[in-house]
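Presented below is the structure to which this report refers.
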Amino acid sequence: MIRTSIGSLEKYDGRSLVLALGPVAAEEISEGAVRVPSFSPEELEAARATPVERFRHGVHFLLAQGAWEENPEAVREMQAWAVSVHYKYFHLPAASEDLPDPQGVRENTPFNILHHLRLAENVPLHLLHPLADKLSGAGEGKPALLLLPGPSLKEIGPHLAELKKHCLLVTISRCLPMCHQHGAMPDFLVQLDCTSQQGLFFPEYLDLSGTTLVALSVAPVAEVAHRFAGVFFMESFSPDILPNPFRLRESWLSSLMPCMGLAETLGCSPVVLTGSDLCFPVEGEVYYSGALRAPKPKQGRCQAPLLDDSCHHIQLDDRHGQPKRTTFHYLATAGEVETVMREITETQGVSFRVLEGGGILSADLAPDVSGRELLDMPTLDRTGLEAGLAEADRGEESLHPLRLKMSLLKQLESLTSQRRLVEGIPQEGAVEWIDRHPFLKSLAKAGGSKRVPFMDKPQVLGALREMLDRWENRLRLGLAWTALAMSLGKGQDIHLLALREERRAWAERIAGELAGARVRILVLADGGGTDADDEVPYNDLFRWLQARTALAATPEAMAAVRRVIPWKDFPQIVPFAELARLYRARPPAGRA
């Protein structure tokens, strides 16, 4: 709960943390209250050191008479900070089962199949690409322009191509259409959002060949990663399998945090924000595109500084004194962004700016900068940067393939038992039965939970089986890549399926592209049966493939398999081009 009172503790619930701002009379302050009487740097630092657990039940702001009128910016900053702690660690984890819950707000966190699906489908990427610590210092001293999708971004669009000549562009997927429209694709794309709808922001017509992707380990990027110039991950998906402790600054409050964290890692300065309004007109659009508009207030609006989370919106003045409205989520985001800005500035000496926009971020922490000032900066030479990024993307991580294999096999074993659970759904009351089983509930949610109540049993079973099939396919794909990586590392045989007539040409290509790797070519054979141990007869192909965990294939051989067995997908077959990429990323011992 978030409430505010002036002068005395009115309607205090007895549980919320009391944050007293200004010279509140001692008799009005409850025991254990956090006091900031004069807003001195020492008082502010001491208040920000308040243990997170004390925010569990919310915050009650107790303002001294005149505190808002005399110190509006200090009061706003402290309110935003306190709201950010409560929202990040308590309110949002309680509201969404998909978010991390470091404080244990939820009694039980249900199985999240989409999380496991994404981990499995991203296994090839984790074997090919490193964490973002390899980008350290790659943009040293270069200005970075962070593009976020707030209303003010539309004013920047026509000037974006010119601004790119002087700044590195860092953005998120929602801004890609605008970048394309104005002929200025970003240097870096930060992918924190894990919703399935993210694929809509990557239409085929977008040219991403000059953009580097920096993604969360479970982000839905498997289908688009190959279109980027390079790929880096924000963090390890498992410290036991990939023990690199690096973690880019990120938060489930906003994608702005990892954008700032990337700029910090690159060594950029100044870091200029645009579209990071975190507020919108009193009546108007939420995003720069105008495609989405603010929802109508459900329970009215409160006027800053009298924060009351029974209201849907907060009305307040932006950094330029213009009336705007925001939400508690956006105010919380502003609080965390300002905390991160303060940390980066103090530890790295990075200068933050806001480009000719309003918004509610602190003007002290991030003063205004004009477009003219940015255009007066030296033209950016990206030649060295591009070469450095390509070299960084070749940085190999100390990933343990055997541990990865065992993890994938354990999930496959679990999946088998879950199939039995699906088949045991009773004829009557299928929906209620699903609601009582966390795994089935997760399956239904991933497959479109809104449809389940309107399905009959065959439809429900079909939807659940489809999700299980997807999960098994991704797990077997991950196993295939892992097995090939282990074979390369140990110098063991790798089977390459080819057509008979292309055998000689592929033997020469392997010698040139996979020097040092042990690749054994197996050819598809016509007719019935063969005793040759390097031939696979077509009439035994299905059984033979089913028995394999991993093999590579030439494009022609893959096309032949699809013609012979069109109804079956074989994730254990890895195209030769992908095997060659894996070889370059994880060459055999002695070939690095």
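Residue numbering restarts at 1 for every chain of the structure tokens, chains are lettered A, B, ... in their displayed order, and ligands are numbered from 1 as they appear.
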- [ ] Within 7 Å of segment 567-574 of chain A, counting only C-alpha atoms, which residues show up once you throw out same-chain ones fewer than 3 positions away? Write them as a PyMOL selection string, please.
- [x] chain A and resi 473+476-477+480+549-553+578-579
Long-range neighbours of Ile172 of chain A as a PDB file with N, CA, C and O atoms, in the first residue's frame, 8 Å cut-off, only C-alpha atoms, 6 positions minimum in chain:
```pdb
ATOM      1  N   LEU A 147      17.370   5.012 -27.223  1.00  0.00           N
ATOM      2  CA  LEU A 147      16.045   5.307 -27.764  1.00  0.00           C
ATOM      3  C   LEU A 147      15.008   4.444 -27.053  1.00  0.00           C
ATOM      4  O   LEU A 147      15.041   3.217 -27.145  1.00  0.00           O
ATOM      5  N   LEU A 148      14.087   5.066 -26.351  1.00  0.00           N
ATOM      6  CA  LEU A 148      12.979   4.376 -25.700  1.00  0.00           C
ATOM      7  C   LEU A 148      11.673   4.880 -26.308  1.00  0.00           C
ATOM      8  O   LEU A 148      11.628   5.992 -26.855  1.00  0.00           O
ATOM      9  N   LEU A 189      20.741  -3.625 -30.189  1.00  0.00           N
ATOM     10  CA  LEU A 189      19.345  -3.903 -29.849  1.00  0.00           C
ATOM     11  C   LEU A 189      19.347  -4.689 -28.537  1.00  0.00           C
ATOM     12  O   LEU A 189      19.921  -5.786 -28.462  1.00  0.00           O
ATOM     13  N   VAL A 190      18.727  -4.147 -27.507  1.00  0.00           N
ATOM     14  CA  VAL A 190      18.665  -4.791 -26.198  1.00  0.00           C
ATOM     15  C   VAL A 190      17.325  -5.502 -26.062  1.00  0.00           C
ATOM     16  O   VAL A 190      16.276  -4.873 -26.180  1.00  0.00           O
ATOM     17  N   GLN A 191      17.367  -6.816 -25.826  1.00  0.00           N
ATOM     18  CA  GLN A 191      16.141  -7.610 -25.745  1.00  0.00           C
ATOM     19  C   GLN A 191      15.968  -8.173 -24.338  1.00  0.00           C
ATOM     20  O   GLN A 191      16.533  -9.201 -23.983  1.00  0.00           O
ATOM     21  N   SER A 255      13.032  -1.934 -19.678  1.00  0.00           N
ATOM     22  CA  SER A 255      14.162  -2.220 -20.566  1.00  0.00           C
ATOM     23  C   SER A 255      15.186  -1.091 -20.571  1.00  0.00           C
ATOM     24  O   SER A 255      16.280  -1.249 -21.125  1.00  0.00           O
TER      25      SER A 255
END
```
Open item on the list: Please determine, counting only C-alpha atoms, which residue among A:Cys259, A:Leu402, A:Leu176, A:His495 has the shortest atom-to-atom distance to Glu535 of chain A.
Closed with: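 Result for the nearest residue to Glu535 of chain A: A:His495.
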- [ ] Name the closest residue to His159 of chain A among the candidates A:Arg543, A:Cys175, A:Gly371, A:Ser417; distances are taken between atoms, counting only C-alpha atoms.
- [x]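 Distance minimum relative to His159 of chain A lands on A:Gly371.
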- [ ] Determine which residues of segment 343-429 of chain A DSSP labels as alpha helix (DSSP H) from the backbone of this structure, then write them out as a PyMOL selection string.
- [x] chain A and resi 343-348+371-375+383-393+401-423
Task: For Gly359 of chain A: contacts at 9 Å, only C-alpha atoms, fewer than 4 positions along chain excluded, given as number ranges by chain - done: A: 150, 152, 275-280, 317-320, 324, 354
Keeping only N, CA and C atoms, take the residues you just selected and write them out as an mmCIF file, in the first residue's frame.
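What landed in again_28.cif:
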```
data_model
loop_
_atom_site.group_PDB
_atom_site.id
_atom_site.type_symbol
_atom_site.label_atom_id
_atom_site.label_comp_id
_atom_site.auth_asym_id
_atom_site.auth_seq_id
_atom_site.Cartn_x
_atom_site.Cartn_y
_atom_site.Cartn_z
ATOM 1 N N GLY A 150 8.867 6.356 -25.549
ATOM 2 C CA GLY A 150 7.976 7.346 -24.970
ATOM 3 C C GLY A 150 7.477 8.342 -26.000
ATOM 4 N N SER A 152 7.908 11.453 -26.517
ATOM 5 C CA SER A 152 8.835 12.455 -27.053
ATOM 6 C C SER A 152 9.704 11.913 -28.177
ATOM 7 N N GLY A 275 12.977 9.587 -25.390
ATOM 8 C CA GLY A 275 11.818 8.702 -25.329
ATOM 9 C C GLY A 275 11.651 8.048 -23.970
ATOM 10 N N SER A 276 12.474 8.448 -23.015
ATOM 11 C CA SER A 276 12.390 7.880 -21.662
ATOM 12 C C SER A 276 11.538 8.780 -20.779
ATOM 13 N N ASP A 277 10.405 9.205 -21.290
ATOM 14 C CA ASP A 277 9.552 10.166 -20.594
ATOM 15 C C ASP A 277 9.047 9.638 -19.255
ATOM 16 N N LEU A 278 8.611 8.365 -19.270
ATOM 17 C CA LEU A 278 7.977 7.740 -18.094
ATOM 18 C C LEU A 278 6.749 8.536 -17.639
ATOM 19 N N CYS A 279 6.172 9.240 -18.566
ATOM 20 C CA CYS A 279 4.925 9.962 -18.334
ATOM 21 C C CYS A 279 4.325 10.251 -19.697
ATOM 22 N N PHE A 280 3.111 10.771 -19.704
ATOM 23 C CA PHE A 280 2.462 11.076 -20.971
ATOM 24 C C PHE A 280 1.518 12.245 -20.763
ATOM 25 N N ASP A 317 3.879 17.479 -12.451
ATOM 26 C CA ASP A 317 4.589 18.283 -13.440
ATOM 27 C C ASP A 317 5.857 17.560 -13.856
ATOM 28 N N ASP A 318 6.194 17.662 -15.156
ATOM 29 C CA ASP A 318 7.438 17.045 -15.603
ATOM 30 C C ASP A 318 8.631 17.943 -15.270
ATOM 31 N N ARG A 319 9.799 17.593 -15.731
ATOM 32 C CA ARG A 319 11.025 18.305 -15.386
ATOM 33 C C ARG A 319 11.050 19.731 -15.922
ATOM 34 N N HIS A 320 10.148 20.034 -16.856
ATOM 35 C CA HIS A 320 10.052 21.387 -17.399
ATOM 36 C C HIS A 320 8.833 22.132 -16.868
ATOM 37 N N LYS A 324 1.649 16.617 -16.511
ATOM 38 C CA LYS A 324 1.628 15.307 -17.157
ATOM 39 C C LYS A 324 0.956 14.313 -16.212
ATOM 40 N N VAL A 354 19.458 14.127 -21.059
ATOM 41 C CA VAL A 354 18.156 13.862 -21.680
ATOM 42 C C VAL A 354 18.031 14.781 -22.882
#
```
